[in-house]
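Asker: Submitted below is the structure of interest, expressed as structure tokens.
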Amino acid sequence: MKLLMLITKLVLKILYRVNVSGLEHVKASGERVLIVANHTSYLDAVLLALFLGVPISFAMKQQQMDRWWIRFVKHKFPLLAVDYNDPMAMKTLIQHVKAGNKVVIFPEGRITSTGSLMKIYPSSGMVADKADAAILPVRIDGAQYSRFSLLKGQVRLRWFPEIKL
């Protein structure tokens with residue numbers, strides 16, 4: 001699996017010219033960290049998992065857990081199924097962060113359909129507060145122009161746009 005991840009990272013680095021800056025902040029953020037990122041495309045989780053350089057977990061909607069492709073990634077990356085509208089369901093996520101894990105959450109709750117930030121839900125702030133965790137903001141730029149975004153017909157999509165983290 002490590003070889004597959006290394007090959008995937010190399011392919012993404014070459015095709016999308018992935019440029020990562022600020023990695024020193026990931027390492028300096030401590031153990032309990034909530035990584036908050038904008039959600040621009042289906043590539044976002046893959047990019048974060050491969051290029052942040054630390055073990056991470058992902059919070060995702062319960063409805064998404066039934067998708068066929070989730071079977072391939074849930075064995076490598078802990079996926080925390082949560083219902084963002086149920087405060088009791090957020091307890092699992094809070095406990096996971098409290099246990100010293102770095103967890104990625106997309107506070108928009110979905111991939112952008114406008115090209116800019118969607119409504120930000122307050123659940124990420126609540127999780128960070130209750131878990132006494134640092135918040136590490138990450139901006140993904142460029143993936144919204146890829147074929148993996150939802151902006152077809154709104155922007156000119158390209159096969160391999162440059163992506164910055």
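Every chain in the structure tokens takes a letter, A first, then B, and so on in the order presented; its residues are numbered from 1, and the ligands are numbered from 1 following the presented order.
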Using only C-alpha atoms, which protein or nucleic acid residues come within 9 Å of Asp141 in chain A? Drop anything in the same chain fewer than 4 positions from it, and give the result as a ChimeraX atom specification.
Answerer: /A:38,40,145,162-165
Asker: Keeping only N, CA, C and O atoms, take the residues you just selected and write them out as a PDB file, in the first residue's frame.
Answerer:
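Contents of the output file out_7.pdb:
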```pdb
ATOM      1  N   ASN A  38     -10.802  23.985   2.545  1.00  0.00           N
ATOM      2  CA  ASN A  38     -11.877  24.221   1.586  1.00  0.00           C
ATOM      3  C   ASN A  38     -12.023  22.974   0.712  1.00  0.00           C
ATOM      4  O   ASN A  38     -11.098  22.190   0.566  1.00  0.00           O
ATOM      5  N   THR A  40     -12.782  21.758  -2.899  1.00  0.00           N
ATOM      6  CA  THR A  40     -12.890  22.214  -4.276  1.00  0.00           C
ATOM      7  C   THR A  40     -13.160  21.118  -5.292  1.00  0.00           C
ATOM      8  O   THR A  40     -13.650  21.396  -6.375  1.00  0.00           O
ATOM      9  N   TYR A 145     -10.363  23.588 -10.976  1.00  0.00           N
ATOM     10  CA  TYR A 145     -10.291  23.649 -12.439  1.00  0.00           C
ATOM     11  C   TYR A 145     -10.038  22.279 -13.069  1.00  0.00           C
ATOM     12  O   TYR A 145      -9.915  22.170 -14.282  1.00  0.00           O
ATOM     13  N   GLU A 162      -2.437  23.289 -12.413  1.00  0.00           N
ATOM     14  CA  GLU A 162      -1.512  23.333 -11.269  1.00  0.00           C
ATOM     15  C   GLU A 162      -2.333  23.425  -9.981  1.00  0.00           C
ATOM     16  O   GLU A 162      -3.308  24.166  -9.905  1.00  0.00           O
ATOM     17  N   ILE A 163      -1.924  22.674  -8.963  1.00  0.00           N
ATOM     18  CA  ILE A 163      -2.627  22.660  -7.687  1.00  0.00           C
ATOM     19  C   ILE A 163      -1.667  23.107  -6.594  1.00  0.00           C
ATOM     20  O   ILE A 163      -0.535  22.635  -6.517  1.00  0.00           O
ATOM     21  N   LYS A 164      -2.164  24.010  -5.742  1.00  0.00           N
ATOM     22  CA  LYS A 164      -1.363  24.515  -4.624  1.00  0.00           C
ATOM     23  C   LYS A 164      -2.080  24.177  -3.316  1.00  0.00           C
ATOM     24  O   LYS A 164      -3.287  24.319  -3.209  1.00  0.00           O
ATOM     25  N   LEU A 165      -1.284  23.737  -2.347  1.00  0.00           N
ATOM     26  CA  LEU A 165      -1.782  23.482  -0.979  1.00  0.00           C
ATOM     27  C   LEU A 165      -1.056  24.418  -0.047  1.00  0.00           C
ATOM     28  O   LEU A 165       0.097  24.670  -0.173  1.00  0.00           O
TER      29      LEU A 165
END
```
Asker: List the spatial neighbours of Leu15 in chain A as a PyMOL selection string - criterion: any atom at most 12 Å away, only C-alpha atoms, same-chain residues fewer than 4 positions off excluded.
Answerer: chain A and resi 8-11+19+146+158-163
Asker: Go through range 79-141 of chain A and collect every residue that DSSP, computed from the backbone, puts in strand (DSSP E); the answer should be as a PyMOL selection string.
Answerer: chain A and resi 79-82+102-105+134-138
Asker: Write out as a PyMOL selection string which residues come within 12 Å of range 64-73 of chain A when counting only C-alpha atoms, dropping same-chain ones fewer than 6 positions away.
Answerer: chain A and resi 1+4-5+42+45-46+49+57-58+79-83+109-110
Asker: Kindly save the residues from that selection, with C-alpha atoms included, as a tab-separated table (two decimals), in the first residue's frame.
Answerer:
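Resulting contents of again-v1.tsv:
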```tsv
chain	number	residue	atom	x	y	z
A	1	MET	CA	0.00	0.00	0.00
A	4	LEU	CA	0.85	2.59	-4.29
A	5	MET	CA	0.68	5.79	-2.24
A	42	TYR	CA	-12.95	15.03	-5.42
A	45	ALA	CA	-8.88	14.28	0.37
A	46	VAL	CA	-6.30	12.44	-1.74
A	49	ALA	CA	-3.62	12.48	2.64
A	57	SER	CA	-8.19	10.87	9.68
A	58	PHE	CA	-11.15	12.22	7.76
A	79	LEU	CA	-12.84	7.61	8.20
A	80	LEU	CA	-15.15	8.96	10.85
A	81	ALA	CA	-18.76	8.87	9.78
A	82	VAL	CA	-20.66	11.74	11.34
A	83	ASP	CA	-24.03	13.36	10.95
A	109	GLY	CA	-19.85	19.91	4.06
A	110	ARG	CA	-19.69	19.49	0.29
```
Asker: Please report, as a tab-separated table, each residue of range 46-93 of chain A lying at most 10 Å from range 135-140 of chain A, together with the nearest pair of atoms and the separation in Å rounded to one decimal; use only C-alpha atoms, and order rows by chain and ascending residue number.
Answerer:
```
residue	atom	partner	partner_atom	distance
A:Leu47	CA	A:Ile140	CA	8.9
A:Leu48	CA	A:Val138	CA	9.0
A:Leu52	CA	A:Val138	CA	9.9
```
Asker: Just the alpha helix (DSSP H) stuff from chain A, please, per backbone DSSP, written as number ranges by chain.
Answerer: A: 2-15, 23-28, 44-51, 70-73, 90-98, 123-131
Asker: At a cut-off of 10 Å, can you tabulate as JSON lines every residue of range 24-75 of chain A near range 121-126 of chain A together with its closest atom pair and the distance in Å to one decimal, using only C-alpha atoms and ordering rows by chain then number?
Answerer:
```
{"residue": "A:Leu34", "atom": "CA", "partner": "A:Ser124", "partner_atom": "CA", "distance": 7.7}
{"residue": "A:Ile35", "atom": "CA", "partner": "A:Ser124", "partner_atom": "CA", "distance": 9.1}
{"residue": "A:Val36", "atom": "CA", "partner": "A:Ser124", "partner_atom": "CA", "distance": 7.5}
```
Asker: Export, as a CSV table (one decimal), in the first residue's frame, the selected residues with N, CA and C atoms.
Answerer:
```
chain,number,residue,atom,x,y,z
A,34,LEU,N,-7.3,19.9,14.4
A,34,LEU,CA,-8.4,19.8,13.4
A,34,LEU,C,-7.9,20.6,12.2
A,35,ILE,N,-7.7,19.8,11.1
A,35,ILE,CA,-7.3,20.4,9.8
A,35,ILE,C,-8.6,20.8,9.1
A,36,VAL,N,-8.7,22.1,8.8
A,36,VAL,CA,-9.9,22.6,8.2
A,36,VAL,C,-9.5,23.1,6.8
```
Asker: Which value, in Å to one decimal, gives the distance between CA of Asn85 in chain A and CA of Lys130 in chain A?
Answerer: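 Those two atoms sit 16.3 Å apart.
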Asker: Can you work out the spacing between CA of His25 in chain A and CA of Leu93 in chain A in Å, to one decimal?
Answerer: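 So the two atoms, CA of His25 in chain A and CA of Leu93 in chain A, lie 22.3 Å apart.
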Asker: I'd like the contact shell of Leu151 in chain A - 7 Å cut-off, only C-alpha atoms, skipping same-chain residues fewer than 2 positions apart - returned as a list of chain:residue names.
Answerer: A:Ser113, A:Thr114, A:Gly115, A:Ser149, A:Gly153, A:Gln154, A:Val155
Asker: What's the 9 Å shell around Ile120 in chain A, counting only C-alpha atoms, without same-chain residues fewer than 5 positions away, as an MDAnalysis selection string?
Answerer: chainID A and resid 106:109
Asker: Mind dumping the selected residues with N, CA and C atoms as a tab-separated table (two decimals), in the first residue's frame?
Answerer:
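Written file, part_8.tsv:
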```tsv
chain	number	residue	atom	x	y	z
A	106	PHE	N	-14.03	19.18	6.26
A	106	PHE	CA	-14.37	20.19	5.25
A	106	PHE	C	-15.60	20.91	5.79
A	107	PRO	N	-15.44	22.11	6.36
A	107	PRO	CA	-16.55	22.77	7.04
A	107	PRO	C	-17.69	23.19	6.11
A	108	GLU	N	-17.45	23.17	4.80
A	108	GLU	CA	-18.53	23.46	3.86
A	108	GLU	C	-19.50	22.28	3.75
A	109	GLY	N	-19.00	21.09	4.10
A	109	GLY	CA	-19.85	19.91	4.06
A	109	GLY	C	-20.03	19.31	2.68
```
Asker: To one decimal in Å, tell me the separation between CA of Arg156 in chain A and CA of Ile105 in chain A.
Answerer: 27.5 Å
Asker: Find, counting only C-alpha atoms, the residue in A:His75, A:Lys61, A:Arg17, A:Lys98 that gets nearest to Asp129 in chain A.
Answerer: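 Between A:His75, A:Lys61, A:Arg17, A:Lys98, the residue approaching Asp129 in chain A most closely is A:Lys98.
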